[in-house]
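Chemist: Have a look at this one before I ask anything.
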2 protein chains.
Amino acid sequence: MKIRRSGRLVDMTRYLLDHPHQLVSLSMFSSRYKAAKSSISEDLVIVSEMLAHDGTGKLVTVPGAAGGVMFIPGWSKDKSLSMIDGLCEQLSKPERLLPGGYLYLTDVLGNPRQVKPMGQVFASVFADRKVDVVMTIATKGIPLAYAVAEQLGVPFVIVRSDSRVTEGSTVSINYVSGSSKAIRTMALARRSLPRGANVLLIDDFMKAGGTIRGMMSLLNEFEANLAGVGVLMEAEGAEKKMVSEYVSLMKLTNVDSDEGLVTISRGNVEQFLK
Amino acid sequence: MKIRRSGRLVDMTRYLLDHPHQLVSLSMFSSRYKAAKSSISEDLVIVSEMLAHDGTGKLVTVPGAAGGVMFIPGWSKDKSLSMIDGLCEQLSKPERLLPGGYLYLTDVLGNPRQVKPMGQVFASVFADRKVDVVMTIATKGIPLAYAVAEQLGVPFVIVRSDSRVTEGSTVSINYVSGSSKAIRTMALARRSLPRGANVLLIDDFMKAGGTIRGMMSLLNEFEANLAGVGVLMEAEGAEKKMVSEYVSLMKLTNVDSDEGLVTISRGNVEQFLK
């Protein structure tokens, strides 16, 4: 079936958004729509302009016989900060305070409509790094890791604090929780991470950063490389952070359980956005 | 900025795909593109035709002042079964066998490119049920629950086998594991599920169905309703299933560790697809 330009634009948009960071050849589109490559190129200009107009991402063209076009999700600074500011406001509620200086985030992390934009912002920040896999620790970081990995077009692996029978042999390490100074264990299925992989660490909450440090040690065991660290929320506290380089979307700056006061502001993400 | 039809089609497609199961008013599109509603309606016909052509879903128009248009993801039977058959082939590898009759699925469940289509098939099956929230149990069901919830445009909640400090008060129940007959505990944060919610249960693997039965008991505690049950893979075994109504994408029919033989076929999903 031959498809007109208007139809092609709809289908191409769907296809490209569904395949972020994946090279799509013009020949594929050309045979899919039975259209000349020159027409496909013109279509792509329109798609590219609209994505830029919306601040959603860009199309990158790779020339040559093995070339094609790739959709790189990339939220504009304005769009990203406006999403984050909305989130800060939503979360600055005293009833979200939990014992231990934590914040109730379960509802937000259980809502794909809210998690996907977080993934889009992190994917914008880390778009230029070489990332082969996203790593997180169970349980609450998983939806965020999924959203980031989806936008970067890579898989994710889940580190666990137990080792379950259904994943085969595991590698485990002990680490020191930064805030409670307790010794903990984390484990990852041996076959889940190839040697030399470039790994982006993602977690929902960072206090002193002990868990992130633990994941870094685990990377060493797998001879993998650190590509970056992204956390949804960091807690500003007296204790020194055990991790120096990370990107946070939000910062919990003030928690006063007696007064029922919670202050959440933008994290350090602003400096990483273009 | 006034936007031409070609640009509108790109942006509308992106917007609708990003907001499944959500009513979008024509006025919103009309003011977004500074275009007449009649033009918007014509655009929507084109979008609708292309989505149907691709077997991805449909646009439903709700007439009247409070009306608009809604994208309902819905994979065609052909598209769904072809995805499932590919998955069966990919997973029918003896090296995936794990002790206890389980199958190594971690890599597949950690790949959004593979999990999203599973979510799209489940969303197609359950599109006509009233679903308010998706429920799963930690850890491996989470990515699948995310993907299903995203396509249904609803949140998801995660039942846990421990109860962690960072989620506030929890409701926990004991249940009997169907295959090992062991007594286990599962817990859910009290504030994560409203009374009367219609809940779709999603899990990655079902042997006798004890875990699903446990989640059903938990629903009772929350005075919530069962909207359906979906599992990625069921294991065909001697033991009687503790759950009678469920939708499975795949069925593990034959496991012979000595011979290194694994046979995986389509689950019962076919009868639920149109």
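Identifiers in this document derive from the order of the structure tokens: chains are assigned A, B, ..., residues are numbered from 1 separately in each chain, and ligands are numbered from 1 in order of occurrence.
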For Ser177 of chain B, list every protein, DNA or RNA residue within 8 Å, evaluated using only C-alpha atoms, and leave out those in the same chain fewer than 6 positions away; present the list as a ChimeraX atom specification.
Modeler: /B:183-184,209-211
Chemist: Residues as selected, C-alpha atoms, written as a PDB file, in the first residue's frame, can you do that?
Modeler:
```
ATOM      1  CA  ILE B 183       4.060 -19.737  54.425  1.00  0.00           C
ATOM      2  CA  ARG B 184       5.135 -16.336  53.178  1.00  0.00           C
ATOM      3  CA  GLY B 209      -0.548 -19.312  41.403  1.00  0.00           C
ATOM      4  CA  GLY B 210       0.056 -18.937  45.146  1.00  0.00           C
ATOM      5  CA  THR B 211       1.495 -15.455  44.798  1.00  0.00           C
TER       6      THR B 211
END
```
Chemist: Among segment 75-199 of chain B, which residues carry a DSSP assignment of strand (DSSP E), reported as a PyMOL selection string?
Modeler: chain B and resi 97-98+102-103+133-137+156-159+170-176+183-189+198-199
Chemist: I need the residue nearest chain B from this list: A:Met50, A:Ala66, A:Met233, A:Leu97. Use only C-alpha atoms for the distance.
Modeler: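 Comparing A:Met50, A:Ala66, A:Met233, A:Leu97 against chain B, the winner is A:Met50.
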Chemist: Just want the 10 Å neighbourhood of Glu245 of chain B, counted on only C-alpha atoms, with same-chain residues fewer than 2 positions away dropped. Output as a list in words.
Modeler: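 Neighbouring residues, sequence-local ones excluded: Gly228, Val229, Gly230, Lys241, Met242, Val243, Val247 and Ser248 of chain B.
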Chemist: Write out as number ranges by chain the residues lying within 9 Å of Lys93 of chain B, counting only C-alpha atoms and excluding same-chain residues fewer than 4 positions away.
Modeler: B: 89, 97, 260-263
Chemist: Quick one: of B:Leu98, B:Ala123, B:Val131, B:Met216, who's nearest to Val148 of chain B, counting only C-alpha atoms?
Modeler: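 Ranking B:Leu98, B:Ala123, B:Val131, B:Met216 by distance to Val148 of chain B, first place goes to B:Ala123.
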Chemist: With only C-alpha atoms as the counted atoms, please give the residues lying no more than 7 Å from Glu236 of chain A, apart from itself and same-chain residues fewer than 4 positions off, as a PyMOL selection string.
Modeler: chain A and resi 251-253
Chemist: Separation of atom CA of Ile72 of chain B and atom CA of Ala197 of chain B, in Å?
Modeler: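 Here the two named atoms are 20.8 Å from each other.
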Chemist: Rounded to one decimal in Å, what is the spacing between atom CA of Gly67 of chain A and atom CA of Ser39 of chain A?
Modeler: 16.5 Å
Chemist: Counting only C-alpha atoms, what is within 9 Å of Tyr104 of chain A, bar same-chain residues fewer than 4 positions away, as a ChimeraX atom specification?
Modeler: /A:91,95-98,108 /B:166-168
Chemist: Select all residues from chain A having any atom no more than 8 Å from an atom of chain B (counting only C-alpha atoms, ignoring ligands), output as a ChimeraX atom specification.
Modeler: /A:6-7,9-11,13-14,17,46-47,49-51,54,98-99,102-104,106-107,110-113,138-139,142-143,146,149-150,153-158,165-168,192
Chemist: Can you pull out the residues contacting Glu221 of chain A? Cut-off 12 Å, using only C-alpha atoms, and skip same-chain residues under 4 positions away; I want them as a list in words.
Modeler: Thr170, Val171, Ser172, Ile173, Asn174, Ala187, Leu188, Ala189, Arg190, Leu193, Pro194, Arg195, Gly196, Ala197, Gly214, Met215, Met216, Ser217 and Asn225 of chain A
Chemist: Using N, CA, C and O atoms, can you write the selected residues to a file as a compact mmCIF listing (two decimals), in the first residue's frame?
Modeler:
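Written output follows (again_32.txt):
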```
# COMPACT_ATOMS: atom_id res chain seq x y z
N THR A 170 25.20 -15.28 41.56
CA THR A 170 25.28 -13.83 41.74
C THR A 170 26.65 -13.42 42.29
O THR A 170 27.36 -14.24 42.86
N VAL A 171 26.98 -12.17 42.09
CA VAL A 171 28.17 -11.58 42.71
C VAL A 171 27.66 -10.65 43.79
O VAL A 171 26.80 -9.81 43.52
N SER A 172 28.15 -10.80 45.02
CA SER A 172 27.67 -9.90 46.06
C SER A 172 28.82 -9.19 46.75
O SER A 172 29.94 -9.69 46.79
N ILE A 173 28.54 -8.02 47.26
CA ILE A 173 29.56 -7.26 48.00
C ILE A 173 28.93 -6.72 49.28
O ILE A 173 27.70 -6.62 49.40
N ASN A 174 29.77 -6.37 50.23
CA ASN A 174 29.31 -5.67 51.41
C ASN A 174 29.63 -4.20 51.23
O ASN A 174 30.61 -3.84 50.60
N ALA A 187 23.70 -7.57 45.75
CA ALA A 187 24.07 -8.65 44.84
C ALA A 187 23.50 -8.41 43.44
O ALA A 187 22.45 -7.77 43.29
N LEU A 188 24.21 -8.92 42.47
CA LEU A 188 23.75 -8.81 41.09
C LEU A 188 24.00 -10.13 40.38
O LEU A 188 25.05 -10.75 40.57
N ALA A 189 23.05 -10.55 39.57
CA ALA A 189 23.19 -11.81 38.82
C ALA A 189 24.42 -11.72 37.92
O ALA A 189 24.61 -10.74 37.21
N ARG A 190 25.24 -12.75 37.99
CA ARG A 190 26.51 -12.74 37.27
C ARG A 190 26.34 -12.47 35.78
O ARG A 190 27.07 -11.72 35.17
N LEU A 193 25.58 -8.48 33.58
CA LEU A 193 26.39 -7.32 33.19
C LEU A 193 27.67 -7.77 32.48
O LEU A 193 28.50 -8.43 33.10
N PRO A 194 27.84 -7.41 31.22
CA PRO A 194 29.06 -7.81 30.51
C PRO A 194 30.27 -6.98 30.97
O PRO A 194 30.13 -5.83 31.39
N ARG A 195 31.44 -7.58 30.91
CA ARG A 195 32.67 -6.89 31.28
C ARG A 195 32.88 -5.70 30.37
O ARG A 195 32.63 -5.77 29.17
N GLY A 196 33.34 -4.59 30.94
CA GLY A 196 33.63 -3.41 30.14
C GLY A 196 32.43 -2.54 29.82
O GLY A 196 32.55 -1.53 29.13
N ALA A 197 31.26 -2.91 30.33
CA ALA A 197 30.05 -2.13 30.05
C ALA A 197 30.15 -0.74 30.70
O ALA A 197 30.73 -0.57 31.77
N GLY A 214 28.30 1.72 47.03
CA GLY A 214 28.23 0.27 46.96
C GLY A 214 28.10 -0.20 45.51
O GLY A 214 28.78 -1.13 45.08
N MET A 215 27.24 0.47 44.75
CA MET A 215 27.06 0.08 43.34
C MET A 215 28.35 0.31 42.56
O MET A 215 28.69 -0.45 41.66
N MET A 216 29.09 1.36 42.93
CA MET A 216 30.38 1.60 42.26
C MET A 216 31.35 0.44 42.53
O MET A 216 32.07 0.01 41.63
N SER A 217 31.36 -0.05 43.77
CA SER A 217 32.23 -1.19 44.10
C SER A 217 31.82 -2.42 43.29
O SER A 217 32.66 -3.18 42.82
N ASN A 225 32.51 0.09 33.72
CA ASN A 225 32.89 1.50 33.88
C ASN A 225 31.70 2.35 34.31
O ASN A 225 30.58 2.12 33.89
```
Chemist: With distances taken over only C-alpha atoms, which residue among B:Asp204, B:Asp128, B:Glu42, B:Glu223 lies nearest Met250 of chain B?
Modeler: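 Checking each of B:Asp204, B:Asp128, B:Glu42, B:Glu223 against Met250 of chain B, counting only C-alpha atoms, the winner is B:Asp204.
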Chemist: Looking at only C-alpha atoms, which of A:Thr136, A:Leu218, A:Lys79, A:Arg213 is the one that sits closest to Leu201 of chain A?
Modeler: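 Nearest candidate to Leu201 of chain A out of A:Thr136, A:Leu218, A:Lys79, A:Arg213: A:Thr136.
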Chemist: Can you tell me how far atom CA of Gly267 of chain A sits from atom CA of Leu232 of chain A, in Å to one decimal?
Modeler: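 According to the coordinates, atom CA of Gly267 of chain A and atom CA of Leu232 of chain A are separated by 8.5 Å.
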Chemist: Could you pull out the residues in segment 83-215 of chain A that DSSP calls alpha helix (DSSP H) from the backbone, as an MDAnalysis selection string?
Modeler: chainID A and resid 83:91 106:109 112:125 142:152 210:215
Chemist: Export C-alpha atoms of the chosen residues as a PDB file, in the first residue's frame?
Modeler:
```pdb
ATOM      1  CA  MET A  83       8.613  19.793  35.171  1.00  0.00           C
ATOM      2  CA  ILE A  84      11.013  19.700  38.132  1.00  0.00           C
ATOM      3  CA  ASP A  85       9.530  22.809  39.738  1.00  0.00           C
ATOM      4  CA  GLY A  86       6.085  21.247  39.524  1.00  0.00           C
ATOM      5  CA  LEU A  87       7.407  18.121  41.171  1.00  0.00           C
ATOM      6  CA  CYS A  88       9.075  20.094  43.998  1.00  0.00           C
ATOM      7  CA  GLU A  89       5.800  21.798  44.727  1.00  0.00           C
ATOM      8  CA  GLN A  90       3.850  18.524  44.635  1.00  0.00           C
ATOM      9  CA  LEU A  91       6.264  16.872  47.070  1.00  0.00           C
ATOM     10  CA  THR A 106       5.907   5.709  46.268  1.00  0.00           C
ATOM     11  CA  ASP A 107       2.887   7.234  44.553  1.00  0.00           C
ATOM     12  CA  VAL A 108       4.991   9.409  42.288  1.00  0.00           C
ATOM     13  CA  LEU A 109       7.371   6.560  41.405  1.00  0.00           C
ATOM     14  CA  PRO A 112       4.362   6.273  34.640  1.00  0.00           C
ATOM     15  CA  ARG A 113       2.927   9.659  33.644  1.00  0.00           C
ATOM     16  CA  GLN A 114       5.255  11.207  36.209  1.00  0.00           C
ATOM     17  CA  VAL A 115       8.203   8.838  35.933  1.00  0.00           C
ATOM     18  CA  LYS A 116       8.513   9.013  32.157  1.00  0.00           C
ATOM     19  CA  PRO A 117       9.276  12.781  32.175  1.00  0.00           C
ATOM     20  CA  MET A 118      11.969  12.178  34.824  1.00  0.00           C
ATOM     21  CA  GLY A 119      13.469   9.584  32.509  1.00  0.00           C
ATOM     22  CA  GLN A 120      13.321  12.071  29.659  1.00  0.00           C
ATOM     23  CA  VAL A 121      15.205  14.690  31.679  1.00  0.00           C
ATOM     24  CA  PHE A 122      17.922  12.233  32.745  1.00  0.00           C
ATOM     25  CA  ALA A 123      18.197  10.971  29.165  1.00  0.00           C
ATOM     26  CA  SER A 124      18.714  14.587  28.055  1.00  0.00           C
ATOM     27  CA  VAL A 125      21.494  15.075  30.608  1.00  0.00           C
ATOM     28  CA  ILE A 142      13.311   0.407  39.339  1.00  0.00           C
ATOM     29  CA  PRO A 143      10.587   2.478  37.653  1.00  0.00           C
ATOM     30  CA  LEU A 144      12.982   5.416  37.273  1.00  0.00           C
ATOM     31  CA  ALA A 145      15.715   3.160  35.876  1.00  0.00           C
ATOM     32  CA  TYR A 146      13.178   1.732  33.424  1.00  0.00           C
ATOM     33  CA  ALA A 147      12.197   5.208  32.245  1.00  0.00           C
ATOM     34  CA  VAL A 148      15.806   6.355  31.813  1.00  0.00           C
ATOM     35  CA  ALA A 149      16.847   3.144  30.048  1.00  0.00           C
ATOM     36  CA  GLU A 150      13.841   3.337  27.743  1.00  0.00           C
ATOM     37  CA  GLN A 151      14.749   6.860  26.640  1.00  0.00           C
ATOM     38  CA  LEU A 152      18.413   5.971  26.175  1.00  0.00           C
ATOM     39  CA  GLY A 210      26.514   4.877  50.603  1.00  0.00           C
ATOM     40  CA  THR A 211      24.283   2.875  48.284  1.00  0.00           C
ATOM     41  CA  ILE A 212      25.708   4.579  45.207  1.00  0.00           C
ATOM     42  CA  ARG A 213      29.245   3.902  46.525  1.00  0.00           C
ATOM     43  CA  GLY A 214      28.226   0.270  46.956  1.00  0.00           C
ATOM     44  CA  MET A 215      27.056   0.077  43.344  1.00  0.00           C
TER      45      MET A 215
END
```
